[in-house]
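Structure record follows, encoded as structure tokens.
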Amino acid sequence: MADGAALLERLAAEPQLAGLFLDFDGVLAPIVERPGDAYPPEDARRELERLVERYALVAVVSGRAGADVSRRIGVDGVRVVGSHGLELDPAADLWRSRIDAFALAAGWRDTERKGLAVSFHYRRAGDEGAARAALEEIAESARAAGLVARFGRKVLEVLPPLDANKGTAVRALLADKRLRRALVAGDDTTDLDAFRALDGLELGVRVAVAADESPPELRAAADVVVSSTNELLELLRCM
């Protein structure tokens, strides 16, 4: 962790040369039973306002729709990319109707439709084992239909089969600003793509917000590990 602290200190010393990339759920906003109830605490909003003034770029790269994330954050100057980076892919819009049709046909009770993706949640299922087994069948149907299906924290996500992810979004935003230093904070499998996007930079810091549900690969790939959104907020206050 000492090496991680040194990396954070180096990044914070010259913020005008660096970008910060944060996930939304489980990073800025605590995980909640109902996804519609997820909002960042007011302290986190104030911290984002401060960071926007210091850093060359502050971005939120989320699995949610970008417009939804922007509304929930409510901080000017934060660059938001939704749908796991798909919103930067011009081909993604061609898949909206197919994703919507699949979501409707699946008939899952706790479905979150995101335009370019759909999430089937099972956090509130009475029998998580049975719910997971049922979602495995939905995942197979998605793959048979030519879609991408992957599991995260108590959720199955179905997306278009495009070469776009959180990592491609991070790389595109860094290139746009010509930045070679960055921090990425994430809590789930899809954030590993964003972690890998820092490979080869002059300075990269990977922060895992590692809850019990987070994949072990996330912790293993991180330079810094915190255990909650509150601990991440404390880290950001030092940036």
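Starting from 1 in every chain, residues are counted up; chains themselves are A, B, ... following the order of the structure tokens, and ligands are numbered from 1 as listed.
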Could you write out, as a PyMOL selection string, all the residues of range 28-77 of chain A that DSSP marks as alpha helix (DSSP H)?
chain A and resi 42-54+66-73
Could you dump the residues just selected with C-alpha atoms as a PDB file, in the first residue's frame?
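Dumped everything to again-v2.pdb:
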ATOM      1  CA  GLU A  42     -23.725  15.429  -0.888  1.00  0.00           C
ATOM      2  CA  ASP A  43     -20.135  15.241   0.385  1.00  0.00           C
ATOM      3  CA  ALA A  44     -19.158  13.336  -2.759  1.00  0.00           C
ATOM      4  CA  ARG A  45     -20.792  15.981  -4.961  1.00  0.00           C
ATOM      5  CA  ARG A  46     -18.868  18.730  -3.216  1.00  0.00           C
ATOM      6  CA  GLU A  47     -15.665  16.764  -3.652  1.00  0.00           C
ATOM      7  CA  LEU A  48     -16.333  16.379  -7.379  1.00  0.00           C
ATOM      8  CA  GLU A  49     -16.829  20.136  -7.647  1.00  0.00           C
ATOM      9  CA  ARG A  50     -13.418  20.678  -6.048  1.00  0.00           C
ATOM     10  CA  LEU A  51     -11.706  18.070  -8.216  1.00  0.00           C
ATOM     11  CA  VAL A  52     -13.157  19.521 -11.437  1.00  0.00           C
ATOM     12  CA  GLU A  53     -11.360  22.768 -10.612  1.00  0.00           C
ATOM     13  CA  ARG A  54      -8.025  21.003  -9.977  1.00  0.00           C
ATOM     14  CA  GLY A  66     -24.966   8.700 -19.391  1.00  0.00           C
ATOM     15  CA  ALA A  67     -27.910  11.097 -19.108  1.00  0.00           C
ATOM     16  CA  ASP A  68     -29.130   9.224 -16.031  1.00  0.00           C
ATOM     17  CA  VAL A  69     -25.709   9.427 -14.375  1.00  0.00           C
ATOM     18  CA  SER A  70     -25.356  13.139 -15.161  1.00  0.00           C
ATOM     19  CA  ARG A  71     -28.723  13.810 -13.545  1.00  0.00           C
ATOM     20  CA  ARG A  72     -27.843  11.845 -10.429  1.00  0.00           C
ATOM     21  CA  ILE A  73     -24.459  13.546 -10.026  1.00  0.00           C
TER      22      ILE A  73
END
Name all residues at most 7 Å from range 105-121 of chain A (count only C-alpha atoms; drop same-chain ones fewer than 4 positions away) and give them as a list in words.
Arg64, Ala65, Ser83, Ala92, Trp95, Arg96, Ile99, Ala101, Ile138, Lys154, Val155, Leu156, Glu157, Val158 and Leu159 of chain A
Go ahead and save the picked residues with N, CA and C atoms, as a PDB file, in the first residue's frame.
ATOM      1  N   ARG A  64     -24.607   2.589 -16.408  1.00  0.00           N
ATOM      2  CA  ARG A  64     -25.886   3.268 -16.592  1.00  0.00           C
ATOM      3  C   ARG A  64     -25.847   4.144 -17.842  1.00  0.00           C
ATOM      4  N   ALA A  65     -27.018   4.581 -18.286  1.00  0.00           N
ATOM      5  CA  ALA A  65     -27.079   5.564 -19.355  1.00  0.00           C
ATOM      6  C   ALA A  65     -26.432   6.861 -18.883  1.00  0.00           C
ATOM      7  N   SER A  83     -23.243   3.402 -20.415  1.00  0.00           N
ATOM      8  CA  SER A  83     -23.357   2.110 -21.111  1.00  0.00           C
ATOM      9  C   SER A  83     -22.000   1.458 -21.354  1.00  0.00           C
ATOM     10  N   ALA A  92     -23.294   1.938 -31.972  1.00  0.00           N
ATOM     11  CA  ALA A  92     -24.102   1.398 -30.876  1.00  0.00           C
ATOM     12  C   ALA A  92     -25.587   1.667 -31.063  1.00  0.00           C
ATOM     13  N   TRP A  95     -28.162  -0.847 -32.305  1.00  0.00           N
ATOM     14  CA  TRP A  95     -28.529  -1.999 -31.484  1.00  0.00           C
ATOM     15  C   TRP A  95     -29.605  -1.691 -30.459  1.00  0.00           C
ATOM     16  N   ARG A  96     -30.022  -0.440 -30.348  1.00  0.00           N
ATOM     17  CA  ARG A  96     -30.990  -0.081 -29.305  1.00  0.00           C
ATOM     18  C   ARG A  96     -32.273  -0.910 -29.386  1.00  0.00           C
ATOM     19  N   ILE A  99     -31.756  -4.560 -28.288  1.00  0.00           N
ATOM     20  CA  ILE A  99     -31.588  -4.669 -26.836  1.00  0.00           C
ATOM     21  C   ILE A  99     -32.937  -4.511 -26.133  1.00  0.00           C
ATOM     22  N   ALA A 101     -35.911  -5.106 -27.377  1.00  0.00           N
ATOM     23  CA  ALA A 101     -36.748  -6.271 -27.670  1.00  0.00           C
ATOM     24  C   ALA A 101     -36.333  -7.460 -26.812  1.00  0.00           C
ATOM     25  N   ILE A 138     -31.083 -16.972 -19.400  1.00  0.00           N
ATOM     26  CA  ILE A 138     -31.261 -15.728 -20.153  1.00  0.00           C
ATOM     27  C   ILE A 138     -29.940 -15.327 -20.815  1.00  0.00           C
ATOM     28  N   LYS A 154     -24.410  -9.168  -8.450  1.00  0.00           N
ATOM     29  CA  LYS A 154     -25.836  -9.485  -8.353  1.00  0.00           C
ATOM     30  C   LYS A 154     -26.599  -8.985  -9.573  1.00  0.00           C
ATOM     31  N   VAL A 155     -25.983  -9.086 -10.748  1.00  0.00           N
ATOM     32  CA  VAL A 155     -26.624  -8.572 -11.957  1.00  0.00           C
ATOM     33  C   VAL A 155     -26.088  -9.304 -13.180  1.00  0.00           C
ATOM     34  N   LEU A 156     -26.967  -9.499 -14.150  1.00  0.00           N
ATOM     35  CA  LEU A 156     -26.584  -9.946 -15.488  1.00  0.00           C
ATOM     36  C   LEU A 156     -26.765  -8.767 -16.423  1.00  0.00           C
ATOM     37  N   GLU A 157     -25.723  -8.431 -17.174  1.00  0.00           N
ATOM     38  CA  GLU A 157     -25.810  -7.338 -18.135  1.00  0.00           C
ATOM     39  C   GLU A 157     -25.742  -7.891 -19.545  1.00  0.00           C
ATOM     40  N   VAL A 158     -26.601  -7.365 -20.406  1.00  0.00           N
ATOM     41  CA  VAL A 158     -26.634  -7.763 -21.810  1.00  0.00           C
ATOM     42  C   VAL A 158     -26.378  -6.517 -22.656  1.00  0.00           C
ATOM     43  N   LEU A 159     -25.416  -6.643 -23.584  1.00  0.00           N
ATOM     44  CA  LEU A 159     -24.956  -5.500 -24.366  1.00  0.00           C
ATOM     45  C   LEU A 159     -24.755  -5.893 -25.830  1.00  0.00           C
TER      46      LEU A 159
END
Taking only C-alpha atoms into account, produce a table as a Markdown table in which each residue of range 44-124 of chain A with an atom at most 9 Å from an atom of range 128-134 of chain A appears once, together with its shortest atom pair and the distance in Å to one decimal, ordered by chain and rising number.
| residue | atom | partner | partner_atom | distance |
| --- | --- | --- | --- | --- |
| A:Tyr122 | CA | A:Ala131 | CA | 6.3 |
| A:Arg123 | CA | A:Glu128 | CA | 7.4 |
| A:Arg124 | CA | A:Glu128 | CA | 8.1 |
Among the residues A:Asp127, A:Asp193, A:Asp212, A:Asp3, the one that comes closest to Ala169 in chain A [using only C-alpha atoms]:
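Among the listed residues, A:Asp193 lies closest to Ala169 in chain A.
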Nearest candidate to Leu235 in chain A (options A:Val209, A:Leu203, A:Leu192, A:Ala56; using only C-alpha atoms)
A:Val209
Selection: 10 Å around range 5-12 of chain A, only C-alpha atoms, excl. self and same-chain fewer than 6 positions, as a PyMOL selection string
chain A and resi 18-20+54-55+181-183+203-207+223-224+235-236+238-239
Export N, CA and C atoms of the chosen residues as a PDB file, in the first residue's frame?
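Contents of the output file out-v7.pdb:
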ATOM      1  N   ALA A  18      -3.374  15.354 -15.253  1.00  0.00           N
ATOM      2  CA  ALA A  18      -3.995  14.056 -14.969  1.00  0.00           C
ATOM      3  C   ALA A  18      -5.507  14.059 -15.133  1.00  0.00           C
ATOM      4  N   GLY A  19      -6.034  12.847 -15.369  1.00  0.00           N
ATOM      5  CA  GLY A  19      -7.479  12.630 -15.412  1.00  0.00           C
ATOM      6  C   GLY A  19      -7.907  11.663 -14.330  1.00  0.00           C
ATOM      7  N   LEU A  20      -9.099  11.875 -13.791  1.00  0.00           N
ATOM      8  CA  LEU A  20      -9.698  10.968 -12.810  1.00  0.00           C
ATOM      9  C   LEU A  20     -10.909  10.310 -13.436  1.00  0.00           C
ATOM     10  N   ARG A  54      -9.454  21.320 -10.113  1.00  0.00           N
ATOM     11  CA  ARG A  54      -8.025  21.003  -9.977  1.00  0.00           C
ATOM     12  C   ARG A  54      -7.477  20.186 -11.141  1.00  0.00           C
ATOM     13  N   TYR A  55      -8.237  19.210 -11.605  1.00  0.00           N
ATOM     14  CA  TYR A  55      -7.700  18.234 -12.558  1.00  0.00           C
ATOM     15  C   TYR A  55      -8.053  18.579 -14.003  1.00  0.00           C
ATOM     16  N   ARG A 181      -1.376  10.748 -17.586  1.00  0.00           N
ATOM     17  CA  ARG A 181      -1.486  10.375 -16.181  1.00  0.00           C
ATOM     18  C   ARG A 181      -2.963  10.227 -15.832  1.00  0.00           C
ATOM     19  N   ALA A 182      -3.297   9.207 -15.049  1.00  0.00           N
ATOM     20  CA  ALA A 182      -4.716   9.002 -14.722  1.00  0.00           C
ATOM     21  C   ALA A 182      -4.889   8.094 -13.521  1.00  0.00           C
ATOM     22  N   LEU A 183      -6.045   8.252 -12.901  1.00  0.00           N
ATOM     23  CA  LEU A 183      -6.522   7.362 -11.843  1.00  0.00           C
ATOM     24  C   LEU A 183      -7.858   6.782 -12.280  1.00  0.00           C
ATOM     25  N   LEU A 203       1.948   7.622 -15.771  1.00  0.00           N
ATOM     26  CA  LEU A 203       1.560   7.379 -14.384  1.00  0.00           C
ATOM     27  C   LEU A 203       0.109   6.925 -14.347  1.00  0.00           C
ATOM     28  N   GLY A 204      -0.136   5.751 -13.813  1.00  0.00           N
ATOM     29  CA  GLY A 204      -1.492   5.230 -13.697  1.00  0.00           C
ATOM     30  C   GLY A 204      -1.729   4.674 -12.305  1.00  0.00           C
ATOM     31  N   VAL A 205      -2.884   4.997 -11.744  1.00  0.00           N
ATOM     32  CA  VAL A 205      -3.247   4.514 -10.405  1.00  0.00           C
ATOM     33  C   VAL A 205      -4.593   3.816 -10.487  1.00  0.00           C
ATOM     34  N   ARG A 206      -4.633   2.553 -10.117  1.00  0.00           N
ATOM     35  CA  ARG A 206      -5.846   1.753 -10.163  1.00  0.00           C
ATOM     36  C   ARG A 206      -6.342   1.561  -8.731  1.00  0.00           C
ATOM     37  N   VAL A 207      -7.564   2.024  -8.486  1.00  0.00           N
ATOM     38  CA  VAL A 207      -8.134   1.958  -7.135  1.00  0.00           C
ATOM     39  C   VAL A 207      -9.323   1.000  -7.147  1.00  0.00           C
ATOM     40  N   ASP A 223      -3.650  -0.928  -7.505  1.00  0.00           N
ATOM     41  CA  ASP A 223      -2.512  -0.345  -6.799  1.00  0.00           C
ATOM     42  C   ASP A 223      -2.906   0.082  -5.387  1.00  0.00           C
ATOM     43  N   VAL A 224      -4.181   0.436  -5.231  1.00  0.00           N
ATOM     44  CA  VAL A 224      -4.726   0.879  -3.952  1.00  0.00           C
ATOM     45  C   VAL A 224      -6.069   0.189  -3.762  1.00  0.00           C
ATOM     46  N   LEU A 235     -10.088   9.116   0.291  1.00  0.00           N
ATOM     47  CA  LEU A 235      -8.945   9.122  -0.620  1.00  0.00           C
ATOM     48  C   LEU A 235      -9.005  10.327  -1.552  1.00  0.00           C
ATOM     49  N   LEU A 236     -10.181  10.593  -2.119  1.00  0.00           N
ATOM     50  CA  LEU A 236     -10.330  11.712  -3.051  1.00  0.00           C
ATOM     51  C   LEU A 236     -10.057  13.053  -2.365  1.00  0.00           C
ATOM     52  N   CYS A 238      -7.784  13.700  -0.483  1.00  0.00           N
ATOM     53  CA  CYS A 238      -6.336  13.910  -0.435  1.00  0.00           C
ATOM     54  C   CYS A 238      -5.760  14.196  -1.820  1.00  0.00           C
ATOM     55  N   MET A 239      -6.596  14.184  -2.831  1.00  0.00           N
ATOM     56  CA  MET A 239      -6.111  14.340  -4.199  1.00  0.00           C
ATOM     57  C   MET A 239      -6.060  15.812  -4.623  1.00  0.00           C
TER      58      MET A 239
END
Could you pull out the residues in chain A that DSSP calls strand (DSSP E) from the backbone, as a ChimeraX atom specification?
/A:18-22,57-61,79-81,111-113,118-121,148-152,155-159,181-186,203-209,224-226
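Straight-line separation from CA of Ser228 in chain A to CA of Glu33 in chain A: 16.1 Å.
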Which neighbours of range 162-164 of chain A fall inside 9 Å, counting only C-alpha atoms, when residues of the same chain fewer than 5 positions from it are skipped, and could you give them as a PDB file with C-alpha atoms, in the first residue's frame?
ATOM      1  CA  HIS A  84     -19.831   0.834 -20.385  1.00  0.00           C
ATOM      2  CA  GLY A  85     -18.312   3.117 -23.013  1.00  0.00           C
ATOM      3  CA  LEU A  86     -20.790   2.186 -25.740  1.00  0.00           C
ATOM      4  CA  GLU A  87     -22.032   5.764 -25.920  1.00  0.00           C
ATOM      5  CA  LEU A  88     -18.781   6.733 -27.648  1.00  0.00           C
ATOM      6  CA  ASP A  89     -19.271   4.084 -30.377  1.00  0.00           C
ATOM      7  CA  ALA A  91     -22.424   1.931 -34.254  1.00  0.00           C
ATOM      8  CA  ALA A  92     -24.102   1.398 -30.876  1.00  0.00           C
ATOM      9  CA  VAL A 148     -22.862 -10.084 -25.077  1.00  0.00           C
ATOM     10  CA  ALA A 169     -13.787   5.035 -23.146  1.00  0.00           C
TER      11      ALA A 169
END
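Using only C-alpha atoms, the nearest neighbour of Gly167 in chain A within the list A:Ala142, A:Val184, A:Ala222, A:Val27 is A:Val184.
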